[in-house]
>>> print(open('protein-v8.pdb').read())   # PDB, C-alpha atoms
ATOM      1  CA  MET T  10      61.381 107.841 -19.143
ATOM      2  CA  SER T  11      61.381 106.806 -15.505
ATOM      3  CA  MET T  12      64.316 104.833 -14.096
ATOM      4  CA  THR T  13      62.063 103.178 -11.492
ATOM      5  CA  SER T  14      59.753 101.517 -13.997
ATOM      6  CA  ILE T  15      61.175  98.512 -15.769
ATOM      7  CA  GLU T  16      58.742  97.109 -18.271
ATOM      8  CA  PRO T  17      59.512  94.117 -20.481
ATOM      9  CA  ALA T  18      59.679  94.808 -24.213
ATOM     10  CA  HIS T  19      57.097  92.067 -24.827
ATOM     11  CA  ARG T  20      54.235  90.904 -22.701
ATOM     12  CA  ALA T  21      54.339  87.283 -21.494
ATOM     13  CA  VAL T  22      51.711  85.133 -23.164
ATOM     14  CA  PRO T  23      50.776  81.661 -21.932
ATOM     15  CA  ALA T  24      50.988  78.722 -24.302
ATOM     16  CA  SER T  25      48.191  78.607 -26.821
ATOM     17  CA  GLU T  26      46.027  75.538 -27.332
ATOM     18  CA  GLY T  27      47.797  74.913 -30.659
ATOM     19  CA  GLU T  28      51.236  75.111 -29.032
ATOM     20  CA  ARG T  29      50.142  72.683 -26.322
ATOM     21  CA  GLU T  30      48.709  70.260 -28.885
ATOM     22  CA  GLN T  31      51.970  70.374 -30.884
ATOM     23  CA  MET T  32      53.979  69.834 -27.710
ATOM     24  CA  GLU T  33      51.857  66.844 -26.637
ATOM     25  CA  ALA T  34      52.226  65.249 -30.078
ATOM     26  CA  ALA T  35      55.985  65.852 -30.037
ATOM     27  CA  PHE T  36      56.282  64.483 -26.480
ATOM     28  CA  ARG T  37      54.377  61.311 -27.436
ATOM     29  CA  ALA T  38      56.563  60.934 -30.533
ATOM     30  CA  ALA T  39      59.704  61.262 -28.413
ATOM     31  CA  LEU T  40      58.427  58.617 -25.977
ATOM     32  CA  GLU T  41      57.572  56.288 -28.876
ATOM     33  CA  GLN T  42      61.163  56.528 -30.147
ATOM     34  CA  LEU T  43      62.491  55.010 -26.945
ATOM     35  CA  PRO T  44      63.393  51.333 -27.118
ATOM     36  CA  GLU T  45      60.735  49.008 -25.705
ATOM     37  CA  ASN T  46      60.963  48.037 -22.040
ATOM     38  CA  THR T  47      63.019  51.081 -21.037
ATOM     39  CA  GLY T  48      61.057  51.093 -17.785
ATOM     40  CA  PHE T  49      60.939  54.812 -17.091
ATOM     41  CA  PRO T  50      58.482  55.389 -14.254
ATOM     42  CA  HIS T  51      55.460  57.610 -14.679
ATOM     43  CA  ASP T  52      56.959  60.109 -12.184
ATOM     44  CA  ALA T  53      60.036  60.637 -14.382
ATOM     45  CA  ARG T  54      57.885  61.166 -17.461
ATOM     46  CA  GLU T  55      55.723  63.694 -15.628
ATOM     47  CA  LEU T  56      58.823  65.585 -14.444
ATOM     48  CA  ALA T  57      60.114  65.612 -18.019
ATOM     49  CA  ARG T  58      56.853  66.895 -19.516
ATOM     50  CA  PRO T  59      57.056  70.547 -18.282
ATOM     51  CA  LEU T  60      60.722  70.770 -19.275
ATOM     52  CA  PHE T  61      59.879  69.435 -22.707
ATOM     53  CA  GLU T  62      56.957  71.865 -22.920
ATOM     54  CA  VAL T  63      59.161  74.880 -22.160
ATOM     55  CA  GLY T  64      61.722  73.808 -24.744
ATOM     56  CA  TRP T  65      59.134  72.982 -27.379
ATOM     57  CA  ILE T  66      57.096  76.160 -26.993
ATOM     58  CA  SER T  67      60.267  78.257 -26.945
ATOM     59  CA  GLY T  68      61.258  76.565 -30.189
ATOM     60  CA  VAL T  69      57.846  77.161 -31.755
ATOM     61  CA  ARG T  70      57.931  80.839 -30.845
ATOM     62  CA  THR T  71      61.444  81.353 -32.168
ATOM     63  CA  GLY T  72      60.822  79.292 -35.291
ATOM     64  CA  HIS T  73      63.296  76.525 -34.482
ATOM     65  CA  THR T  74      60.986  73.486 -34.537
ATOM     66  CA  GLY T  75      60.952  73.166 -38.323
ATOM     67  CA  PRO T  76      63.252  70.102 -38.424
ATOM     68  CA  ALA T  77      61.244  68.392 -35.689
ATOM     69  CA  LEU T  78      58.026  69.057 -37.544
ATOM     70  CA  ALA T  79      59.607  67.786 -40.771
ATOM     71  CA  ASP T  80      60.055  64.259 -39.326
ATOM     72  CA  VAL T  81      63.676  64.672 -38.330
ATOM     73  CA  PRO T  82      63.466  63.253 -34.809
ATOM     74  CA  LEU T  83      66.092  63.449 -32.109
ATOM     75  CA  PRO T  84      68.230  60.365 -31.646
ATOM     76  CA  PRO T  85      66.451  58.056 -29.159
ATOM     77  CA  HIS T  86      69.326  58.195 -26.671
ATOM     78  CA  THR T  87      68.912  61.976 -26.285
ATOM     79  CA  PHE T  88      65.443  61.763 -24.765
ATOM     80  CA  GLY T  89      66.260  58.462 -23.054
ATOM     81  CA  THR T  90      69.259  60.005 -21.317
ATOM     82  CA  ALA T  91      67.160  62.897 -20.043
ATOM     83  CA  LEU T  92      64.551  60.521 -18.654
ATOM     84  CA  SER T  93      67.143  58.210 -17.109
ATOM     85  CA  ASN T  94      68.732  61.197 -15.348
ATOM     86  CA  LEU T  95      65.328  62.118 -13.920
ATOM     87  CA  THR T  96      64.728  58.494 -12.918
ATOM     88  CA  ALA T  97      68.087  58.360 -11.124
ATOM     89  CA  ALA T  98      67.296  61.617  -9.319
ATOM     90  CA  LEU T  99      63.908  60.283  -8.232
ATOM     91  CA  ARG T 100      65.437  57.098  -6.893
ATOM     92  CA  ALA T 101      68.235  58.960  -5.110
ATOM     93  CA  ASP T 102      65.764  61.290  -3.402
ATOM     94  CA  SER T 103      63.329  58.612  -2.376
ATOM     95  CA  GLY T 104      65.822  56.209  -0.812
ATOM     96  CA  PRO T 105      65.436  52.447  -0.685
ATOM     97  CA  SER T 106      62.027  50.939  -1.385
ATOM     98  CA  ILE T 107      60.122  48.149   0.315
ATOM     99  CA  GLY T 108      61.500  44.802  -0.772
ATOM    100  CA  GLN T 109      64.944  46.201  -1.559
ATOM    101  CA  LEU T 110      68.159  44.776  -0.146
ATOM    102  CA  VAL T 111      70.233  47.264   1.858
ATOM    103  CA  SER T 112      73.520  47.272   3.688
ATOM    104  CA  TYR T 113      73.227  48.456   7.281
ATOM    105  CA  HIS T 114      76.226  50.381   8.654
ATOM    106  CA  GLY T 115      74.633  52.294  11.506
ATOM    107  CA  SER T 116      75.491  52.763  15.159
ATOM    108  CA  GLN T 117      74.704  49.170  16.158
ATOM    109  CA  GLU T 118      77.960  47.655  14.925
ATOM    110  CA  CYS T 119      76.974  44.141  15.975
ATOM    111  CA  CYS T 120      74.122  44.324  13.441
ATOM    112  CA  HIS T 121      76.106  45.496  10.417
ATOM    113  CA  GLY T 122      75.140  43.486   7.358
ATOM    114  CA  ARG T 123      72.545  43.051   4.649
ATOM    115  CA  TYR T 124      68.816  43.196   5.265
ATOM    116  CA  TRP T 125      65.549  43.529   3.374
ATOM    117  CA  VAL T 126      63.462  46.699   3.782
ATOM    118  CA  THR T 127      60.049  45.539   5.027
ATOM    119  CA  ARG T 128      58.556  48.829   6.182
ATOM    120  CA  ILE T 129      59.060  52.539   5.541
ATOM    121  CA  GLU T 130      57.605  55.022   7.989
ATOM    122  CA  ARG T 131      57.503  58.780   7.523
ATOM    123  CA  VAL T 132      57.218  60.724  10.771
ATOM    124  CA  LEU T 133      57.279  64.405  11.702
ATOM    125  CA  ASP T 134      59.570  65.667  14.443
ATOM    126  CA  ARG T 135      58.563  68.429  16.889
ATOM    127  CA  ARG T 136      59.532  71.089  14.360
ATOM    128  CA  GLY T 137      57.413  69.546  11.614
ATOM    129  CA  ARG T 138      60.337  68.191   9.605
ATOM    130  CA  GLU T 139      59.783  64.846   7.949
ATOM    131  CA  SER T 140      62.006  61.939   8.841
ATOM    132  CA  VAL T 141      62.037  58.557   7.122
ATOM    133  CA  LEU T 142      62.586  55.449   9.215
ATOM    134  CA  TYR T 143      63.088  51.917   7.920
ATOM    135  CA  ARG T 144      62.315  48.469   9.297
ATOM    136  CA  LEU T 145      64.970  45.978   8.237
ATOM    137  CA  SER T 146      64.352  42.252   8.233
ATOM    138  CA  GLU T 147      66.080  38.974   7.553
ATOM    139  CA  TYR T 148      64.413  36.242   5.532
ATOM    140  CA  ARG T 149      64.454  33.001   7.521
ATOM    141  CA  ASN T 150      62.471  29.783   7.100
ATOM    142  CA  GLY T 151      60.133  31.314   4.524
ATOM    143  CA  ALA T 152      59.277  34.455   6.497
ATOM    144  CA  PHE T 153      60.644  37.919   7.162
ATOM    145  CA  VAL T 154      61.921  38.363  10.709
ATOM    146  CA  THR T 155      62.390  41.930  11.969
ATOM    147  CA  ALA T 156      66.031  42.651  12.792
ATOM    148  CA  LEU T 157      66.112  46.454  13.188
ATOM    149  CA  THR T 158      63.463  49.167  13.471
ATOM    150  CA  GLY T 159      63.656  52.950  13.357
ATOM    151  CA  VAL T 160      66.686  52.917  11.068
ATOM    152  CA  HIS T 161      67.601  56.270   9.512
ATOM    153  CA  ALA T 162      68.436  56.626   5.813
ATOM    154  CA  TRP T 163      72.050  57.595   6.558
ATOM    155  CA  SER T 164      72.573  54.237   8.260
ATOM    156  CA  ILE T 165      71.822  52.183   5.155
ATOM    157  CA  THR T 166      72.999  51.936   1.579
ATOM    158  CA  ALA T 167      70.556  50.667  -1.039
ATOM    159  CA  LEU T 168      71.752  47.673  -3.043
ATOM    160  CA  PRO T 169      70.495  46.904  -6.557
ATOM    161  CA  GLN T 170      68.649  43.726  -5.557
ATOM    162  CA  HIS T 171      64.897  43.635  -4.987
ATOM    163  CA  TRP T 172      62.787  40.834  -3.535
ATOM    164  CA  GLN T 173      61.582  38.493  -6.269
TER     165      GLN T 173
END
>>> encode(input="protein-v8.pdb", output="structure tokens")
Amino acid sequence: MSMTSIEPAHRAVPASEGEREQMEAAFRAALEQLPENTGFPHDARELARPLFEVGWISGVRTGHTGPALADVPLPPHTFGTALSNLTAALRADSGPSIGQLVSYHGSQECCHGRYWVTRIERVLDRRGRESVLYRLSEYRNGAFVTALTGVHAWSITALPQHWQ
């Protein structure tokens, strides 16, 4: 036996069509258990799908999906919590959105205050790194008036209000 050759005891096998079909049915069932109007974005659901697939197929292969197959579903809050955590992570990574109220606390102290995000621009610097810049506006006399442009994400804090 050679010490330089490390071979796994079992060969990796991709998910079978049957395992994928079971996983899809279980994923749909989990989504259907969520209360109506939970509002989880499509992106969060698509991030959850591969994690669910890994867990489900691992369970199928180890024989631990019996209760799930026997109509003993998870409590709705279990799956809902996982999706809400993904949703929060998506929102935290993406920063404020267009039409969202933000608090500006950047280098222009005379302009500190609350503004609406009216434009988001993604630009590349000389090294090819992406930078996100915001246009902030005030709403006056029925129209948005630009107050600040080229604002960096670290200069603003997103507030929970969105333009209605």
>>> resolve_selection(input="protein-v8.pdb", expression="the PyMOL selection byres ((chain T and resi 141-146) around 10)", output="ChimeraX atom specification")
/T:103-113,123-133,139-140,147-149,152-162,164-165
>>> atom_distance(input="protein-v8.pdb", atom1="CA of Ala39 in chain T", atom2="CA of Phe61 in chain T")
10.0 Å
>>> atom_distance(input="protein-v8.pdb", atom1="CA of Gln170 in chain T", atom2="CA of Ser93 in chain T")
18.6 Å
>>> atom_distance(input="protein-v8.pdb", atom1="CA of Arg70 in chain T", atom2="CA of Thr90 in chain T")
25.6 Å
>>> resolve_selection(input="protein-v8.pdb", expression="the PyMOL selection byres ((chain T and resi 21-27) around 10)", output="VMD selection string")
chain T and resid 17 to 20 28 to 33 62 to 63 66 to 67 70
